[in-house]
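Taking it in order: structure first as structure tokens, then the write-up.
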Amino acid sequence: MLKLKILDKLNPTNTLSVNRLLAHKLGLNAAVVYAALIAKQAYYAAREMLDEDGYFYSTSDDLKESTALSKGQQERAVKALECAGLIEKDKRGMPAKRSFRVKDDVELLQKILGQKCENAPTSCPENAQQAGAFCADKLAQNEPHTYKTKDNKSKVSINQSADKIDAIDDKREDYLEIIHENIDYECFAEKEKVDELVELMLDVICSNRKTVRVNGEDLPTEIVKNRFLKLDNSHIDYVLTALQKNTSEVRNIRAYLVTALYNAPATIGNYYSAWVNHDMYGSS
């Protein structure tokens, strides 16, 4: 029998065994994530490293290393697996980390692999395990979903391709890495506050709108985007400090922060000069 030389490189420790039937039912990404989680659970179980409830942790970066899937792709795959009842996800430990438990339910798995998705609901039922793979199958096939409008009189059909969604997620992740590097993200202690500013910056940078409202005017999105991509840790710290010291009512916090971030490079010098003068000489 002819042996392929590439098999020496594709050894079991570097290769995921993806079930073809599961890929057809839930989508390839879900099948890949499922295989990776099974391998991880087996690894931790063999070393008695599962927690008391049988969970193990796997961060987005960790699962990306195992599957090459972006955060957005992971989230949709995990949602499909959860909806099918194949896995459970929770935040556990101190500090809390994303943790998983693969359910060792052969009967459920067989039902999913052999289940024909007919008359399936368009959203996840509360008891996903009893419903089988219906919801996950819909997610994987990316079939159109119908939603009622607010007045319940008309319906809107939404059918955005998975490829387009993945492209948007990848774009955000790329810019997220750039922003984190620009602002020296790890130097901040209160990351939750910084994350809010970063998410706001990402919304603007990845926006398809032609203009962004800044200082009460509509500025070209590209100009605002370029300004945001030049911000560093001193600008972020400045905006957080100014927000903390602000005592006036802010009715539209989003617009306020967009303007503050945009103006930061132009106003940071005068702000700290005035602050130093006040501390040294006091108010007149």
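Chain identifiers are assigned as A, B, and so on, following the order in which chains appear in the structure tokens; residues are numbered from 1 within each chain, and ligands are numbered from 1 in order of appearance.
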
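Using only C-alpha atoms, the protein and nucleic acid residues lying no more than 12 Å from Leu200 (chain A), apart from those fewer than 2 places from it along its own chain, are Arg172, Leu176, Ile179, Lys193, Val194, Asp195, Glu196, Leu197, Val198, Leu202, Asp203, Val204, Ile205, Cys206, Ser207, Lys225, Phe228, Ile253, Arg254, Ala255, Tyr256, Leu257, Val258, Thr259, Ala260, Leu261 and Tyr262 of chain A.
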
I need the residues in region 5-129 of chain A that are helix (DSSP H, G or I) according to DSSP; give them as an MDAnalysis selection string.
chainID A and resid 5:8 12:14 20:26 28:46 60:67 71:84 106:114 128:129

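Taking only C-alpha atoms, the non-local environment of Val18 (chain A) within 10 Å (same-chain residues fewer than 2 positions away omitted) comprises A:Thr15, A:Leu16, A:Arg20, A:Leu21, A:Leu22, A:Ala23, A:Leu28, A:Asn29, A:Ala30, A:Ala31, A:Val32, A:Val33, A:Tyr34, A:Ala35, A:Ala36.
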
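Going from CA of Lys91 (chain A) to CA of Asp53 (chain A) covers 12.4 Å.
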
Length of the CA of Gln74 (chain A) to CA of Cys187 (chain A) vector [Å]:
27.4 Å

I need the strand (DSSP E or B) residues of region 157-259 of chain A per DSSP on the backbone, written as number ranges by chain.
A: 157-158, 211-214, 217-220

Deliver the residues from the most recent selection as a file, using N, CA and C atoms, as a PDB file, in the first residue's frame.
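Once written, again-v4.pdb looks like this:
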```pdb
ATOM      1  N   SER A 157     -37.610  40.040   5.458  1.00  0.00           N
ATOM      2  CA  SER A 157     -36.770  38.860   5.279  1.00  0.00           C
ATOM      3  C   SER A 157     -35.310  39.262   5.261  1.00  0.00           C
ATOM      4  N   ILE A 158     -34.495  38.578   6.095  1.00  0.00           N
ATOM      5  CA  ILE A 158     -33.071  38.880   6.198  1.00  0.00           C
ATOM      6  C   ILE A 158     -32.270  37.637   5.849  1.00  0.00           C
ATOM      7  N   THR A 211     -20.522  59.497   6.567  1.00  0.00           N
ATOM      8  CA  THR A 211     -20.191  60.562   7.509  1.00  0.00           C
ATOM      9  C   THR A 211     -20.397  60.108   8.949  1.00  0.00           C
ATOM     10  N   VAL A 212     -19.736  60.803   9.867  1.00  0.00           N
ATOM     11  CA  VAL A 212     -19.873  60.569  11.304  1.00  0.00           C
ATOM     12  C   VAL A 212     -20.130  61.920  11.968  1.00  0.00           C
ATOM     13  N   ARG A 213     -21.044  61.936  12.923  1.00  0.00           N
ATOM     14  CA  ARG A 213     -21.383  63.174  13.617  1.00  0.00           C
ATOM     15  C   ARG A 213     -20.336  63.488  14.676  1.00  0.00           C
ATOM     16  N   VAL A 214     -19.629  64.593  14.494  1.00  0.00           N
ATOM     17  CA  VAL A 214     -18.600  65.024  15.438  1.00  0.00           C
ATOM     18  C   VAL A 214     -18.725  66.529  15.629  1.00  0.00           C
ATOM     19  N   GLU A 217     -21.288  68.351  13.697  1.00  0.00           N
ATOM     20  CA  GLU A 217     -21.186  68.402  12.247  1.00  0.00           C
ATOM     21  C   GLU A 217     -20.947  67.004  11.682  1.00  0.00           C
ATOM     22  N   ASP A 218     -21.322  66.817  10.434  1.00  0.00           N
ATOM     23  CA  ASP A 218     -21.090  65.542   9.753  1.00  0.00           C
ATOM     24  C   ASP A 218     -19.739  65.575   9.058  1.00  0.00           C
ATOM     25  N   LEU A 219     -18.804  64.784   9.581  1.00  0.00           N
ATOM     26  CA  LEU A 219     -17.462  64.706   8.998  1.00  0.00           C
ATOM     27  C   LEU A 219     -17.334  63.413   8.197  1.00  0.00           C
ATOM     28  N   PRO A 220     -16.532  63.413   7.135  1.00  0.00           N
ATOM     29  CA  PRO A 220     -16.304  62.175   6.379  1.00  0.00           C
ATOM     30  C   PRO A 220     -15.766  61.079   7.294  1.00  0.00           C
TER      31      PRO A 220
END
```

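Considering the residues A:His180, A:Leu243, A:Gly27, A:Lys230 and counting only C-alpha atoms, Leu81 (chain A) has its shortest atom-to-atom contact with A:Gly27.
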